[in-house]
Amino acid sequence: MIIINLLGLLLIGLIVWWFWLYKAQAVTADEGVISIKVENGTYEPSRIRIQAGKPTTLRFLRKDASPCAATVVFADFDISEELSLNKNKDVFLPPCESGEYSFTCQMQMYRGTLIVMDKK
Ligand SMILES: [Cu+2]
């Protein structure tokens, strides 16, 4: 009985971690270039932290053959880029103000978040 309860708790813990805590991980641009893989319906990493007021390059590598993966849209920046399969594609972001911006596929099913932060 205790074992089953423990397993249940573990499972709940895992679910909590997956949905709430896992999201907290974000990748920071060190050299001003971030590589993002488009695979299995996701952007990996999907949360990207960049510095305000600095241009950033996002290097997309599309591994996903789905037509959904073919276009990446940064609506806030008026940027829409085609990604070809298994090829790096650099997307240049202009220096921007702090805030959260999303990037998506054309139908907004694939989603990623840009977190732009002021320098401390
Ligand atoms: Cu889509």
# chains A, B, ... in the order shown; residues from 1 in each chain; ligands from 1
call {"tool": "residues_near_ligand", "arguments": {"ligand": "ligand 1", "cutoff": "8 Å", "atoms": "only C-alpha atoms and all ligand atoms", "output": "PDB file with N, CA, C and O atoms, in the first residue's frame"}}
result
ATOM      1  N   PRO A  67       5.420  20.447 -42.638  1.00  0.00           N
ATOM      2  CA  PRO A  67       5.342  21.777 -43.240  1.00  0.00           C
ATOM      3  C   PRO A  67       5.252  22.873 -42.186  1.00  0.00           C
ATOM      4  O   PRO A  67       5.663  24.005 -42.415  1.00  0.00           O
ATOM      5  N   CYS A  68       4.729  22.498 -41.038  1.00  0.00           N
ATOM      6  CA  CYS A  68       4.635  23.414 -39.915  1.00  0.00           C
ATOM      7  C   CYS A  68       5.982  24.008 -39.534  1.00  0.00           C
ATOM      8  O   CYS A  68       6.066  25.140 -39.081  1.00  0.00           O
ATOM      9  N   ALA A  69       7.005  23.235 -39.691  1.00  0.00           N
ATOM     10  CA  ALA A  69       8.323  23.664 -39.236  1.00  0.00           C
ATOM     11  C   ALA A  69       9.001  24.587 -40.246  1.00  0.00           C
ATOM     12  O   ALA A  69      10.054  25.143 -39.985  1.00  0.00           O
ATOM     13  N   THR A 104       6.819  31.660 -33.359  1.00  0.00           N
ATOM     14  CA  THR A 104       5.920  30.536 -33.628  1.00  0.00           C
ATOM     15  C   THR A 104       6.080  30.055 -35.067  1.00  0.00           C
ATOM     16  O   THR A 104       6.754  30.693 -35.872  1.00  0.00           O
ATOM     17  N   CYS A 105       5.441  28.951 -35.363  1.00  0.00           N
ATOM     18  CA  CYS A 105       5.275  28.574 -36.755  1.00  0.00           C
ATOM     19  C   CYS A 105       4.123  29.413 -37.294  1.00  0.00           C
ATOM     20  O   CYS A 105       3.498  30.163 -36.551  1.00  0.00           O
ATOM     21  N   GLN A 106       3.834  29.254 -38.556  1.00  0.00           N
ATOM     22  CA  GLN A 106       2.823  30.105 -39.167  1.00  0.00           C
ATOM     23  C   GLN A 106       1.452  29.979 -38.525  1.00  0.00           C
ATOM     24  O   GLN A 106       0.707  30.934 -38.421  1.00  0.00           O
ATOM     25  N   MET A 107       1.139  28.773 -38.065  1.00  0.00           N
ATOM     26  CA  MET A 107      -0.171  28.535 -37.457  1.00  0.00           C
ATOM     27  C   MET A 107      -0.124  28.618 -35.948  1.00  0.00           C
ATOM     28  O   MET A 107      -1.074  28.263 -35.271  1.00  0.00           O
ATOM     29  N   GLN A 108       1.033  29.022 -35.427  1.00  0.00           N
ATOM     30  CA  GLN A 108       1.229  29.193 -33.991  1.00  0.00           C
ATOM     31  C   GLN A 108       1.053  27.907 -33.201  1.00  0.00           C
ATOM     32  O   GLN A 108       0.568  27.921 -32.072  1.00  0.00           O
ATOM     33  N   MET A 109       1.434  26.803 -33.790  1.00  0.00           N
ATOM     34  CA  MET A 109       1.382  25.541 -33.050  1.00  0.00           C
ATOM     35  C   MET A 109       2.725  25.231 -32.403  1.00  0.00           C
ATOM     36  O   MET A 109       2.777  24.681 -31.315  1.00  0.00           O
ATOM     37  N   TYR A 110       3.789  25.557 -33.105  1.00  0.00           N
ATOM     38  CA  TYR A 110       5.102  25.478 -32.482  1.00  0.00           C
ATOM     39  C   TYR A 110       5.331  26.827 -31.810  1.00  0.00           C
ATOM     40  O   TYR A 110       5.122  27.853 -32.437  1.00  0.00           O
TER      41      TYR A 110
END
call {"tool": "residues_around", "arguments": {"residues": "A:Phe103", "least_positions_apart": "3", "cutoff": "12 Å", "atoms": "only C-alpha atoms", "output": "ChimeraX atom specification"}}
result
/A:36,42-43,45-48,58,69,71-81,91,93,100,106-115
call {"tool": "select_by_dssp", "arguments": {"residues": "chain A", "states": "strand (DSSP E)", "output": "PyMOL selection string"}}
result
chain A and resi 27-28+33-39+42-44+47-51+56-62+71-74+79-82+88-93+99-104+111-117
call {"tool": "residues_around", "arguments": {"residues": "A:Lys63", "least_positions_apart": "3", "cutoff": "7 Å", "atoms": "only C-alpha atoms", "output": "PyMOL selection string"}}
result
chain A and resi 37-39+85-86
call {"tool": "write_last_selection", "arguments": {"atoms": "C-alpha atoms", "output": "mmCIF file, in the first residue's frame"}}
result
data_model
loop_
_atom_site.group_PDB
_atom_site.id
_atom_site.type_symbol
_atom_site.label_atom_id
_atom_site.label_comp_id
_atom_site.auth_asym_id
_atom_site.auth_seq_id
_atom_site.Cartn_x
_atom_site.Cartn_y
_atom_site.Cartn_z
ATOM 1 C CA LYS A 37 16.643 22.938 -33.165
ATOM 2 C CA VAL A 38 13.222 22.471 -34.695
ATOM 3 C CA GLU A 39 12.290 18.899 -34.010
ATOM 4 C CA LEU A 85 15.339 20.914 -43.860
ATOM 5 C CA ASN A 86 18.653 20.040 -42.213
#
call {"tool": "residues_around", "arguments": {"residues": "A:Asp90", "least_positions_apart": "6", "cutoff": "7 Å", "atoms": "only C-alpha atoms", "output": "compact mmCIF listing (two decimals) with C-alpha atoms, in the first residue's frame"}}
result
# COMPACT_ATOMS: atom_id res chain seq x y z
CA THR A 57 21.41 35.87 -34.03
CA LEU A 58 19.20 32.82 -33.75
CA ARG A 59 20.57 29.89 -35.69
CA PHE A 60 17.71 27.57 -36.56
call {"tool": "closest_residue", "arguments": {"among": "A:Leu11, A:Val16, A:Val27, A:Leu83", "to": "A:Ile50", "atoms": "only C-alpha atoms"}}
result
A:Val27
call {"tool": "decode", "arguments": {"residues": "stretch 60-93 of chain A", "atoms": "N, CA, C and O atoms", "output": "compact mmCIF listing (two decimals), in the first residue's frame"}}
result
# COMPACT_ATOMS: atom_id res chain seq x y z
N PHE A 60 18.70 28.65 -36.55
CA PHE A 60 17.71 27.57 -36.56
C PHE A 60 18.22 26.40 -37.38
O PHE A 60 18.75 26.57 -38.46
N LEU A 61 18.02 25.22 -36.83
CA LEU A 61 18.28 24.00 -37.59
C LEU A 61 17.01 23.19 -37.60
O LEU A 61 16.55 22.72 -36.56
N ARG A 62 16.44 23.05 -38.77
CA ARG A 62 15.16 22.34 -38.88
C ARG A 62 15.40 20.87 -39.15
O ARG A 62 15.95 20.49 -40.18
N LYS A 63 14.96 20.04 -38.21
CA LYS A 63 15.08 18.59 -38.35
C LYS A 63 13.72 17.97 -38.61
O LYS A 63 13.59 16.77 -38.72
N ASP A 64 12.72 18.82 -38.61
CA ASP A 64 11.33 18.39 -38.64
C ASP A 64 10.79 18.55 -40.06
O ASP A 64 10.78 19.65 -40.60
N ALA A 65 10.35 17.46 -40.67
CA ALA A 65 9.91 17.51 -42.06
C ALA A 65 8.51 18.11 -42.21
O ALA A 65 8.10 18.46 -43.32
N SER A 66 7.79 18.21 -41.12
CA SER A 66 6.43 18.74 -41.19
C SER A 66 6.41 20.14 -41.77
O SER A 66 7.27 20.96 -41.47
N PRO A 67 5.42 20.45 -42.64
CA PRO A 67 5.34 21.78 -43.24
C PRO A 67 5.25 22.87 -42.19
O PRO A 67 5.66 24.00 -42.42
N CYS A 68 4.73 22.50 -41.04
CA CYS A 68 4.64 23.41 -39.92
C CYS A 68 5.98 24.01 -39.53
O CYS A 68 6.07 25.14 -39.08
N ALA A 69 7.01 23.24 -39.69
CA ALA A 69 8.32 23.66 -39.24
C ALA A 69 9.00 24.59 -40.25
O ALA A 69 10.05 25.14 -39.98
N ALA A 70 8.37 24.75 -41.40
CA ALA A 70 9.04 25.43 -42.51
C ALA A 70 9.18 26.93 -42.33
O ALA A 70 10.06 27.55 -42.90
N THR A 71 8.32 27.51 -41.55
CA THR A 71 8.37 28.96 -41.38
C THR A 71 8.45 29.29 -39.90
O THR A 71 7.74 28.70 -39.09
N VAL A 72 9.31 30.22 -39.58
CA VAL A 72 9.32 30.71 -38.21
C VAL A 72 8.98 32.19 -38.24
O VAL A 72 9.47 32.94 -39.08
N VAL A 73 8.07 32.58 -37.36
CA VAL A 73 7.53 33.93 -37.38
C VAL A 73 7.82 34.63 -36.05
O VAL A 73 7.53 34.09 -34.99
N PHE A 74 8.41 35.80 -36.15
CA PHE A 74 8.56 36.69 -34.99
C PHE A 74 7.63 37.85 -35.23
O PHE A 74 8.01 38.84 -35.85
N ALA A 75 6.39 37.70 -34.77
CA ALA A 75 5.35 38.67 -35.11
C ALA A 75 5.72 40.08 -34.62
O ALA A 75 5.47 41.06 -35.31
N ASP A 76 6.32 40.16 -33.43
CA ASP A 76 6.62 41.47 -32.86
C ASP A 76 7.69 42.22 -33.65
O ASP A 76 7.79 43.43 -33.56
N PHE A 77 8.50 41.48 -34.39
CA PHE A 77 9.58 42.11 -35.14
C PHE A 77 9.29 42.14 -36.64
O PHE A 77 10.15 42.52 -37.42
N ASP A 78 8.11 41.68 -37.02
CA ASP A 78 7.80 41.61 -38.45
C ASP A 78 8.78 40.73 -39.20
O ASP A 78 9.17 41.05 -40.32
N ILE A 79 9.20 39.66 -38.57
CA ILE A 79 10.16 38.76 -39.21
C ILE A 79 9.47 37.44 -39.50
O ILE A 79 8.78 36.89 -38.64
N SER A 80 9.63 36.98 -40.72
CA SER A 80 9.11 35.66 -41.09
C SER A 80 10.16 35.01 -41.98
O SER A 80 10.53 35.56 -43.01
N GLU A 81 10.68 33.88 -41.57
CA GLU A 81 11.77 33.26 -42.30
C GLU A 81 11.44 31.82 -42.68
O GLU A 81 10.83 31.09 -41.91
N GLU A 82 11.88 31.43 -43.87
CA GLU A 82 11.73 30.05 -44.30
C GLU A 82 12.91 29.23 -43.79
O GLU A 82 14.05 29.69 -43.85
N LEU A 83 12.62 28.06 -43.31
CA LEU A 83 13.69 27.16 -42.86
C LEU A 83 13.72 25.95 -43.78
O LEU A 83 12.70 25.32 -43.99
N SER A 84 14.89 25.66 -44.33
CA SER A 84 14.94 24.43 -45.11
C SER A 84 15.47 23.30 -44.27
O SER A 84 16.20 23.49 -43.30
N LEU A 85 15.08 22.11 -44.66
CA LEU A 85 15.34 20.91 -43.86
C LEU A 85 16.84 20.68 -43.72
O LEU A 85 17.59 20.75 -44.70
N ASN A 86 17.26 20.40 -42.51
CA ASN A 86 18.65 20.04 -42.21
C ASN A 86 19.68 21.09 -42.61
O ASN A 86 20.81 20.77 -42.95
N LYS A 87 19.25 22.32 -42.61
CA LYS A 87 20.18 23.40 -42.93
C LYS A 87 20.09 24.48 -41.86
O LYS A 87 19.02 24.79 -41.38
N ASN A 88 21.23 25.03 -41.54
CA ASN A 88 21.22 26.14 -40.60
C ASN A 88 20.66 27.38 -41.28
O ASN A 88 20.95 27.65 -42.43
N LYS A 89 19.85 28.09 -40.54
CA LYS A 89 19.33 29.35 -41.06
C LYS A 89 19.46 30.40 -39.96
O LYS A 89 18.95 30.22 -38.85
N ASP A 90 20.18 31.45 -40.26
CA ASP A 90 20.36 32.50 -39.25
C ASP A 90 19.26 33.53 -39.36
O ASP A 90 18.95 34.02 -40.44
N VAL A 91 18.66 33.82 -38.23
CA VAL A 91 17.66 34.87 -38.15
C VAL A 91 18.24 35.99 -37.29
O VAL A 91 18.66 35.75 -36.17
N PHE A 92 18.30 37.17 -37.86
CA PHE A 92 18.92 38.29 -37.15
C PHE A 92 17.86 39.12 -36.47
O PHE A 92 16.94 39.63 -37.11
N LEU A 93 18.00 39.24 -35.17
CA LEU A 93 17.05 40.07 -34.42
C LEU A 93 17.69 41.43 -34.14
O LEU A 93 18.84 41.50 -33.72
